[in-house]
>>> print(open('model_3.txt').read())   # compact mmCIF, C-alpha atoms
# COMPACT_ATOMS: atom_id res chain seq x y z
CA MET A 13 -15.27 14.14 -31.44
CA VAL A 14 -12.20 13.62 -33.56
CA LEU A 15 -9.77 10.74 -33.53
CA SER A 16 -6.21 12.01 -33.17
CA ALA A 17 -3.25 10.37 -34.88
CA ASN A 18 -2.42 8.81 -31.54
CA ASP A 19 -5.95 7.44 -31.16
CA LYS A 20 -5.79 5.90 -34.62
CA SER A 21 -2.49 4.18 -33.97
CA ASN A 22 -3.71 2.95 -30.55
CA VAL A 23 -6.82 1.46 -32.13
CA LYS A 24 -4.88 -0.19 -34.94
CA ALA A 25 -2.48 -1.63 -32.36
CA VAL A 26 -5.37 -3.13 -30.40
CA PHE A 27 -6.91 -4.79 -33.42
CA GLY A 28 -3.47 -5.92 -34.56
CA LYS A 29 -2.93 -7.60 -31.20
CA ILE A 30 -6.42 -9.12 -31.10
CA GLY A 31 -5.94 -10.50 -34.61
CA GLY A 32 -7.64 -13.85 -35.09
CA GLN A 33 -9.46 -13.62 -31.78
CA ALA A 34 -11.72 -10.85 -33.09
CA GLU A 35 -14.58 -13.25 -33.90
CA GLU A 36 -14.40 -14.83 -30.45
CA PHE A 37 -14.34 -11.37 -28.89
CA GLY A 38 -17.39 -10.38 -30.93
CA ALA A 39 -19.36 -13.35 -29.65
CA GLU A 40 -18.32 -12.75 -26.06
CA THR A 41 -19.22 -9.07 -26.38
CA LEU A 42 -22.75 -9.99 -27.37
CA GLU A 43 -23.02 -12.64 -24.66
CA ARG A 44 -21.98 -10.07 -22.05
CA MET A 45 -24.29 -7.44 -23.49
CA PHE A 46 -27.34 -9.72 -23.35
CA ALA A 47 -26.47 -10.76 -19.77
CA THR A 48 -25.70 -7.27 -18.50
CA TYR A 49 -28.29 -5.25 -20.40
CA PRO A 50 -31.27 -7.56 -20.91
CA GLN A 51 -33.16 -4.84 -22.78
CA THR A 52 -30.75 -5.40 -25.69
CA LYS A 53 -32.26 -8.84 -26.18
CA THR A 54 -35.41 -7.18 -27.50
CA TYR A 55 -33.66 -6.72 -30.82
CA PHE A 56 -33.13 -10.45 -31.17
CA PRO A 57 -36.47 -12.17 -30.59
CA HIS A 58 -35.68 -14.45 -33.51
CA PHE A 59 -32.42 -15.66 -31.98
CA ASP A 60 -31.62 -18.46 -29.60
CA LEU A 61 -29.79 -16.49 -26.91
CA GLY A 62 -28.84 -19.45 -24.75
CA LYS A 63 -25.26 -20.16 -23.79
CA GLY A 64 -23.12 -21.21 -26.73
CA SER A 65 -25.75 -20.21 -29.26
CA ALA A 66 -24.53 -20.61 -32.81
CA GLN A 67 -26.62 -17.60 -33.85
CA VAL A 68 -24.93 -15.39 -31.25
CA LYS A 69 -21.52 -16.66 -32.33
CA GLY A 70 -22.36 -15.97 -35.95
CA HIS A 71 -23.63 -12.52 -35.19
CA GLY A 72 -20.64 -11.78 -32.98
CA LYS A 73 -18.44 -12.63 -35.94
CA LYS A 74 -20.30 -10.06 -38.06
CA VAL A 75 -20.02 -7.37 -35.40
CA ALA A 76 -16.30 -8.04 -34.97
CA ALA A 77 -15.74 -7.95 -38.71
CA ALA A 78 -17.41 -4.53 -38.89
CA LEU A 79 -15.20 -3.19 -36.10
CA VAL A 80 -12.10 -4.58 -37.81
CA GLU A 81 -13.23 -2.99 -41.09
CA ALA A 82 -13.74 0.35 -39.36
CA ALA A 83 -10.30 0.11 -37.74
CA ASN A 84 -8.71 -0.72 -41.09
CA HIS A 85 -10.35 2.33 -42.66
CA ILE A 86 -10.08 4.53 -39.63
CA ASP A 87 -9.61 7.66 -41.73
CA ASP A 88 -13.04 7.16 -43.25
CA ILE A 89 -15.24 5.14 -40.93
CA ALA A 90 -18.37 6.65 -42.47
CA GLY A 91 -17.32 5.42 -45.88
CA ALA A 92 -16.29 1.99 -44.66
CA LEU A 93 -19.55 1.42 -42.77
CA SER A 94 -21.88 3.22 -45.17
CA LYS A 95 -23.92 0.12 -46.02
CA LEU A 96 -24.21 -0.83 -42.35
CA SER A 97 -25.28 2.71 -41.59
CA ASP A 98 -28.08 2.42 -44.17
CA LEU A 99 -29.10 -0.95 -42.76
CA HIS A 100 -29.34 0.34 -39.21
CA ALA A 101 -31.30 3.41 -40.29
CA GLN A 102 -33.78 1.72 -42.57
CA LYS A 103 -34.23 -1.77 -41.24
CA LEU A 104 -32.70 -2.41 -37.84
CA ARG A 105 -33.34 0.94 -36.16
CA VAL A 106 -31.54 -0.03 -32.99
CA ASP A 107 -31.95 2.78 -30.48
CA PRO A 108 -28.74 4.82 -30.31
CA VAL A 109 -28.24 4.23 -26.56
CA ASN A 110 -27.48 0.59 -27.24
CA PHE A 111 -24.26 1.26 -29.13
CA LYS A 112 -22.75 2.59 -25.95
CA LEU A 113 -23.76 -0.60 -24.15
CA LEU A 114 -22.14 -2.75 -26.83
CA GLY A 115 -19.03 -0.60 -26.64
CA GLN A 116 -18.80 -1.03 -22.86
CA CYS A 117 -19.00 -4.81 -23.24
CA PHE A 118 -16.36 -4.85 -25.96
CA LEU A 119 -14.03 -2.91 -23.67
CA VAL A 120 -14.70 -5.40 -20.87
CA VAL A 121 -13.85 -8.28 -23.20
CA VAL A 122 -10.57 -6.67 -24.24
CA ALA A 123 -9.76 -5.84 -20.61
CA SER A 124 -10.45 -9.33 -19.35
CA HIS A 125 -8.47 -11.09 -22.09
CA ASN A 126 -5.64 -8.61 -22.44
CA PRO A 127 -5.36 -6.27 -19.46
CA ALA A 128 -1.84 -5.12 -20.32
CA LEU A 129 -3.08 -3.93 -23.70
CA LEU A 130 -5.74 -1.66 -22.25
CA THR A 131 -3.70 1.10 -20.67
CA PRO A 132 -5.71 4.22 -19.75
CA GLU A 133 -4.56 5.97 -22.95
CA VAL A 134 -5.43 3.03 -25.18
CA HIS A 135 -8.72 2.65 -23.33
CA ALA A 136 -9.51 6.29 -24.09
CA SER A 137 -8.68 5.85 -27.79
CA LEU A 138 -10.68 2.65 -28.11
CA ASP A 139 -13.66 4.20 -26.33
CA LYS A 140 -13.53 7.17 -28.72
CA PHE A 141 -13.33 4.80 -31.68
CA LEU A 142 -16.35 2.81 -30.49
CA CYS A 143 -18.29 6.06 -30.01
CA ALA A 144 -17.34 7.10 -33.54
CA VAL A 145 -18.59 3.78 -34.92
CA GLY A 146 -21.87 4.19 -33.04
CA THR A 147 -22.24 7.72 -34.37
CA VAL A 148 -21.71 6.52 -37.96
CA LEU A 149 -24.21 3.71 -37.58
CA THR A 150 -26.91 6.05 -36.28
CA ALA A 151 -26.01 9.00 -38.52
CA LYS A 152 -28.79 8.41 -41.05
CA TYR A 153 -31.56 7.80 -38.51
CA ARG A 154 -33.13 11.19 -39.09
CA LEU B 18 -9.99 7.36 -10.69
CA PRO B 19 -6.89 8.13 -12.80
CA ARG B 20 -8.46 6.07 -15.57
CA LEU B 21 -11.70 8.09 -15.35
CA LEU B 22 -9.76 11.35 -15.63
CA ILE B 23 -7.81 10.04 -18.63
CA VAL B 24 -10.61 8.33 -20.56
CA TYR B 25 -13.17 11.10 -19.90
CA PRO B 26 -10.97 14.15 -19.51
CA TRP B 27 -13.90 16.48 -18.93
CA THR B 28 -14.26 14.86 -15.50
CA GLN B 29 -11.09 16.71 -14.52
CA ARG B 30 -13.24 19.79 -14.08
CA PHE B 31 -13.95 18.73 -10.51
CA PHE B 32 -10.32 18.42 -9.54
CA ASP B 33 -8.77 21.82 -10.25
CA ASN B 34 -7.10 21.83 -6.87
CA PHE B 35 -5.48 18.44 -7.33
CA GLY B 36 -2.36 19.84 -8.93
CA ASN B 37 -0.76 18.38 -12.05
CA LEU B 38 -3.27 16.66 -14.33
CA SER B 39 -1.51 17.67 -17.53
CA SER B 40 -0.80 14.21 -18.92
CA PRO B 41 -1.75 10.58 -18.32
CA THR B 42 1.59 10.02 -16.59
CA ALA B 43 0.99 13.04 -14.37
CA ILE B 44 -2.51 11.89 -13.54
CA ILE B 45 -1.47 8.33 -12.74
CA GLY B 46 1.35 9.54 -10.49
CA ASN B 47 -0.65 12.28 -8.81
CA PRO B 48 -0.86 11.46 -5.08
CA LYS B 49 -4.09 13.45 -4.57
CA VAL B 50 -5.78 11.50 -7.35
CA ARG B 51 -4.66 8.20 -5.88
CA ALA B 52 -5.77 9.20 -2.41
CA HIS B 53 -9.16 10.23 -3.71
CA GLY B 54 -9.49 7.03 -5.70
CA LYS B 55 -8.87 5.14 -2.47
CA LYS B 56 -11.63 7.15 -0.74
CA VAL B 57 -14.08 6.40 -3.52
CA LEU B 58 -13.34 2.65 -3.52
CA THR B 59 -13.55 2.51 0.28
CA SER B 60 -16.98 4.03 -0.03
CA PHE B 61 -17.92 1.28 -2.48
CA GLY B 62 -16.81 -1.18 0.17
CA GLU B 63 -19.31 0.39 2.55
CA ALA B 64 -22.01 0.04 -0.09
CA ILE B 65 -21.32 -3.67 -0.38
CA LYS B 66 -21.75 -4.07 3.37
CA ASN B 67 -25.09 -2.27 3.18
CA LEU B 68 -26.64 -3.57 -0.02
CA ASP B 69 -30.12 -3.42 1.46
CA ASN B 70 -29.87 0.26 2.19
CA LEU B 71 -27.81 2.00 -0.47
CA LYS B 72 -29.91 5.15 -0.39
CA GLY B 73 -29.39 5.46 3.36
CA THR B 74 -25.69 4.69 3.11
CA TYR B 75 -25.16 7.37 0.47
CA SER B 76 -27.60 9.95 1.78
CA LYS B 77 -25.04 12.37 3.18
CA LEU B 78 -22.62 11.84 0.27
CA SER B 79 -25.46 12.53 -2.12
CA GLU B 80 -26.21 15.85 -0.47
CA LEU B 81 -22.51 16.67 -0.51
CA HIS B 82 -22.12 15.92 -4.21
CA CYS B 83 -25.16 18.02 -5.03
CA GLU B 84 -24.91 21.00 -2.68
CA ARG B 85 -21.19 21.43 -2.28
CA LEU B 86 -19.42 19.58 -5.09
CA HIS B 87 -22.00 20.20 -7.86
CA VAL B 88 -21.23 16.97 -9.70
CA ASP B 89 -23.51 15.98 -12.58
CA PRO B 90 -24.76 12.46 -11.69
CA GLU B 91 -23.82 11.30 -15.18
CA ASN B 92 -20.27 11.27 -13.84
CA PHE B 93 -21.21 8.53 -11.35
CA ARG B 94 -22.29 6.36 -14.27
CA LEU B 95 -19.00 7.04 -16.07
CA LEU B 96 -17.05 6.09 -12.96
CA GLY B 97 -19.10 2.93 -12.58
CA ASP B 98 -18.31 1.87 -16.17
CA ILE B 99 -14.61 2.49 -15.59
CA LEU B 100 -14.69 0.46 -12.37
CA VAL B 101 -16.22 -2.49 -14.20
CA ILE B 102 -13.45 -2.38 -16.80
CA VAL B 103 -10.77 -2.20 -14.12
CA LEU B 104 -12.32 -5.26 -12.44
CA ALA B 105 -12.34 -7.08 -15.77
CA ALA B 106 -8.67 -6.28 -16.31
CA HIS B 107 -7.88 -7.46 -12.81
CA PHE B 108 -9.89 -10.67 -12.75
CA GLY B 109 -9.71 -11.70 -16.39
CA LYS B 110 -11.75 -14.79 -17.18
CA ASP B 111 -13.09 -14.91 -13.61
CA PHE B 112 -15.01 -11.74 -14.43
CA THR B 113 -17.72 -13.75 -16.15
CA PRO B 114 -20.69 -12.24 -17.98
CA ALA B 115 -22.82 -12.98 -14.91
CA CYS B 116 -20.28 -11.21 -12.74
CA GLN B 117 -20.23 -8.22 -15.06
CA ALA B 118 -24.02 -8.10 -15.10
CA THR B 119 -24.14 -8.01 -11.32
CA TRP B 120 -21.46 -5.38 -11.02
CA GLN B 121 -23.01 -3.11 -13.67
CA LYS B 122 -26.22 -3.37 -11.67
CA LEU B 123 -24.38 -2.46 -8.48
CA VAL B 124 -22.58 0.53 -9.95
CA GLY B 125 -25.88 1.65 -11.43
CA LEU B 126 -27.55 1.44 -8.03
CA VAL B 127 -24.70 3.28 -6.36
CA ALA B 128 -24.92 6.01 -9.00
CA HIS B 129 -28.66 6.19 -8.42
CA ALA B 130 -28.21 6.37 -4.63
CA LEU B 131 -25.62 9.16 -5.01
CA ALA B 132 -28.01 11.11 -7.20
CA HIS B 133 -31.00 10.46 -4.98
CA LYS B 134 -30.73 13.55 -2.78
CA TYR B 135 -30.21 15.93 -5.70
CA HIS B 136 -32.53 18.86 -5.86
>>> encode(input="model_3.txt", output="structure tokens")
Amino acid sequence: MVLSANDKSNVKAVFGKIGGQAEEFGAETLERMFATYPQTKTYFPHFDLGKGSAQVKGHGKKVAAALVEAANHIDDIAGALSKLSDLHAQKLRVDPVNFKLLGQCFLVVVASHNPALLTPEVHASLDKFLCAVGTVLTAKYR
Amino acid sequence: LPRLLIVYPWTQRFFDNFGNLSSPTAIIGNPKVRAHGKKVLTSFGEAIKNLDNLKGTYSKLSELHCERLHVDPENFRLLGDILVIVLAAHFGKDFTPACQATWQKLVGLVAHALAHKYH
């Protein structure tokens, strides 16, 4: 799956609009993911996953930063996320299905905060982008 | 439904006889798509009235989607995900994580019920 020029500009526009809220969105994405897909909590036994958890907020910030980084280097996501890709392959080994779940929750967060932004076309582009990120992060698994 | 056909364009394969699906604008304005979207959502309404018997409620539709329409059940999951996002866009902050969790469960169960009679 290839990101078209249109997709890239749609994604950049989304992250441009989200701007400073990215960290907040990251945290909310995780909160929704843990609530909606409880099996994802199995990767965080060492975390306090209660409401308002500082650990979840902190981790959400990291996730958001990675997405922003990928969007800023959208012509070479594999390059931009290379270290994260290594980390997920060697240490974290999060099952690939979970990236889709995270992606769904991120889309829900964007939709609920900024419905006008998420037109069907932008939705498609963002979904493709999130898939691409997931693919990069699992690329070195085997 | 228009959003499903735009975000996951391969789902258009089931709607060859719906006329112009050549662009997002065409899809969104297509009266057959809108009418079918209405049908699908109405069916969801039925599901909500019969939460204790989803398999029964969807039994005939399941057979239809398998035997006549030949729809891969994965498409029901895709539609469910799209529906959740549309609800989020519509209800904003009111679509809390707990709300989302419940709705993802529901769309999952509906997808399961629709796939139940497949053979």
>>> residues_near_point(input="model_3.txt", point="(-15.3, 0.1, -36.2)", cutoff="9 Å", atoms="all atoms listed in the file", output="VMD selection string")
chain A and resid 75 to 86 89 92 to 93 141 to 142 144 to 146
>>> interface_residues(input="model_3.txt", of="chain A", to="chain B", cutoff="6 Å", atoms="only C-alpha atoms", output="PyMOL selection string")
chain A and resi 44+47-48+120+123-125+127+132+136
>>> residues_near_point(input="model_3.txt", point="(-18.2, -5.6, -28.4)", cutoff="9 Å", atoms="all atoms listed in the file", output="VMD selection string")
chain A and resid 37 to 42 44 to 45 72 75 to 76 79 113 to 122 142
>>> axis_aligned_box(input="model_3.txt", around="range 109-120 of chain A", padding_each_side="6 Å", output="lines of an AutoDock Vina configuration file")
center_x = -21.1
center_y = -0.6
center_z = -25.0
size_x = 26.2
size_y = 21.6
size_z = 20.3
>>> residues_around(input="model_3.txt", residues="Ser16 in chain A", least_positions_apart="5", cutoff="10 Å", atoms="all atoms listed in the file", output="ChimeraX atom specification")
/A:21-22,137,140
>>> atom_distance(input="model_3.txt", atom1="CA of Phe46 in chain A", atom2="CA of Leu131 in chain B")
26.4 Å
>>> build_atoms(input="model_3.txt", residues="range 46-66 of chain B", atoms="N, CA, C and O atoms", output="mmCIF file, in the coordinates of the input")
data_model
loop_
_atom_site.group_PDB
_atom_site.id
_atom_site.type_symbol
_atom_site.label_atom_id
_atom_site.label_comp_id
_atom_site.auth_asym_id
_atom_site.auth_seq_id
_atom_site.Cartn_x
_atom_site.Cartn_y
_atom_site.Cartn_z
ATOM 1 N N GLY B 46 0.419 9.379 -11.603
ATOM 2 C CA GLY B 46 1.350 9.540 -10.490
ATOM 3 C C GLY B 46 0.900 10.518 -9.432
ATOM 4 O O GLY B 46 1.513 10.636 -8.381
ATOM 5 N N ASN B 47 -0.209 11.221 -9.719
ATOM 6 C CA ASN B 47 -0.650 12.280 -8.810
ATOM 7 C C ASN B 47 -1.147 11.706 -7.488
ATOM 8 O O ASN B 47 -2.134 10.965 -7.456
ATOM 9 N N PRO B 48 -0.497 12.061 -6.373
ATOM 10 C CA PRO B 48 -0.860 11.460 -5.080
ATOM 11 C C PRO B 48 -2.279 11.831 -4.626
ATOM 12 O O PRO B 48 -2.958 11.012 -3.987
ATOM 13 N N LYS B 49 -2.744 13.047 -4.987
ATOM 14 C CA LYS B 49 -4.090 13.450 -4.570
ATOM 15 C C LYS B 49 -5.135 12.601 -5.305
ATOM 16 O O LYS B 49 -6.164 12.213 -4.728
ATOM 17 N N VAL B 50 -4.843 12.320 -6.573
ATOM 18 C CA VAL B 50 -5.780 11.500 -7.350
ATOM 19 C C VAL B 50 -5.854 10.103 -6.749
ATOM 20 O O VAL B 50 -6.936 9.541 -6.555
ATOM 21 N N ARG B 51 -4.692 9.550 -6.445
ATOM 22 C CA ARG B 51 -4.660 8.200 -5.880
ATOM 23 C C ARG B 51 -5.384 8.143 -4.549
ATOM 24 O O ARG B 51 -6.136 7.213 -4.267
ATOM 25 N N ALA B 52 -5.131 9.172 -3.733
ATOM 26 C CA ALA B 52 -5.770 9.200 -2.410
ATOM 27 C C ALA B 52 -7.285 9.279 -2.565
ATOM 28 O O ALA B 52 -8.051 8.606 -1.854
ATOM 29 N N HIS B 53 -7.723 10.095 -3.520
ATOM 30 C CA HIS B 53 -9.160 10.230 -3.710
ATOM 31 C C HIS B 53 -9.779 8.966 -4.269
ATOM 32 O O HIS B 53 -10.881 8.568 -3.886
ATOM 33 N N GLY B 54 -9.029 8.315 -5.153
ATOM 34 C CA GLY B 54 -9.490 7.030 -5.700
ATOM 35 C C GLY B 54 -9.701 6.033 -4.581
ATOM 36 O O GLY B 54 -10.677 5.276 -4.560
ATOM 37 N N LYS B 55 -8.784 6.049 -3.619
ATOM 38 C CA LYS B 55 -8.870 5.140 -2.470
ATOM 39 C C LYS B 55 -10.146 5.430 -1.683
ATOM 40 O O LYS B 55 -10.877 4.524 -1.301
ATOM 41 N N LYS B 56 -10.425 6.737 -1.473
ATOM 42 C CA LYS B 56 -11.630 7.150 -0.740
ATOM 43 C C LYS B 56 -12.884 6.615 -1.425
ATOM 44 O O LYS B 56 -13.806 6.092 -0.787
ATOM 45 N N VAL B 57 -12.908 6.801 -2.743
ATOM 46 C CA VAL B 57 -14.080 6.400 -3.520
ATOM 47 C C VAL B 57 -14.296 4.884 -3.418
ATOM 48 O O VAL B 57 -15.409 4.410 -3.178
ATOM 49 N N LEU B 58 -13.211 4.123 -3.586
ATOM 50 C CA LEU B 58 -13.340 2.650 -3.520
ATOM 51 C C LEU B 58 -13.728 2.185 -2.122
ATOM 52 O O LEU B 58 -14.483 1.234 -1.960
ATOM 53 N N THR B 59 -13.193 2.861 -1.103
ATOM 54 C CA THR B 59 -13.550 2.510 0.280
ATOM 55 C C THR B 59 -15.047 2.695 0.475
ATOM 56 O O THR B 59 -15.718 1.876 1.114
ATOM 57 N N SER B 60 -15.553 3.769 -0.116
ATOM 58 C CA SER B 60 -16.980 4.030 -0.030
ATOM 59 C C SER B 60 -17.786 2.918 -0.700
ATOM 60 O O SER B 60 -18.834 2.497 -0.204
ATOM 61 N N PHE B 61 -17.277 2.412 -1.812
ATOM 62 C CA PHE B 61 -17.920 1.280 -2.480
ATOM 63 C C PHE B 61 -17.966 0.080 -1.547
ATOM 64 O O PHE B 61 -18.938 -0.666 -1.498
ATOM 65 N N GLY B 62 -16.870 -0.086 -0.794
ATOM 66 C CA GLY B 62 -16.810 -1.180 0.170
ATOM 67 C C GLY B 62 -17.946 -1.074 1.179
ATOM 68 O O GLY B 62 -18.579 -2.072 1.540
ATOM 69 N N GLU B 63 -18.206 0.150 1.618
ATOM 70 C CA GLU B 63 -19.310 0.390 2.550
ATOM 71 C C GLU B 63 -20.636 -0.007 1.916
ATOM 72 O O GLU B 63 -21.502 -0.612 2.556
ATOM 73 N N ALA B 64 -20.774 0.366 0.636
ATOM 74 C CA ALA B 64 -22.010 0.040 -0.090
ATOM 75 C C ALA B 64 -22.253 -1.457 -0.066
ATOM 76 O O ALA B 64 -23.359 -1.929 0.172
ATOM 77 N N ILE B 65 -21.174 -2.219 -0.299
ATOM 78 C CA ILE B 65 -21.320 -3.670 -0.380
ATOM 79 C C ILE B 65 -21.753 -4.254 0.962
ATOM 80 O O ILE B 65 -22.460 -5.253 1.027
ATOM 81 N N LYS B 66 -21.327 -3.581 2.055
ATOM 82 C CA LYS B 66 -21.750 -4.070 3.370
ATOM 83 C C LYS B 66 -23.201 -3.690 3.668
ATOM 84 O O LYS B 66 -23.800 -4.208 4.608
#
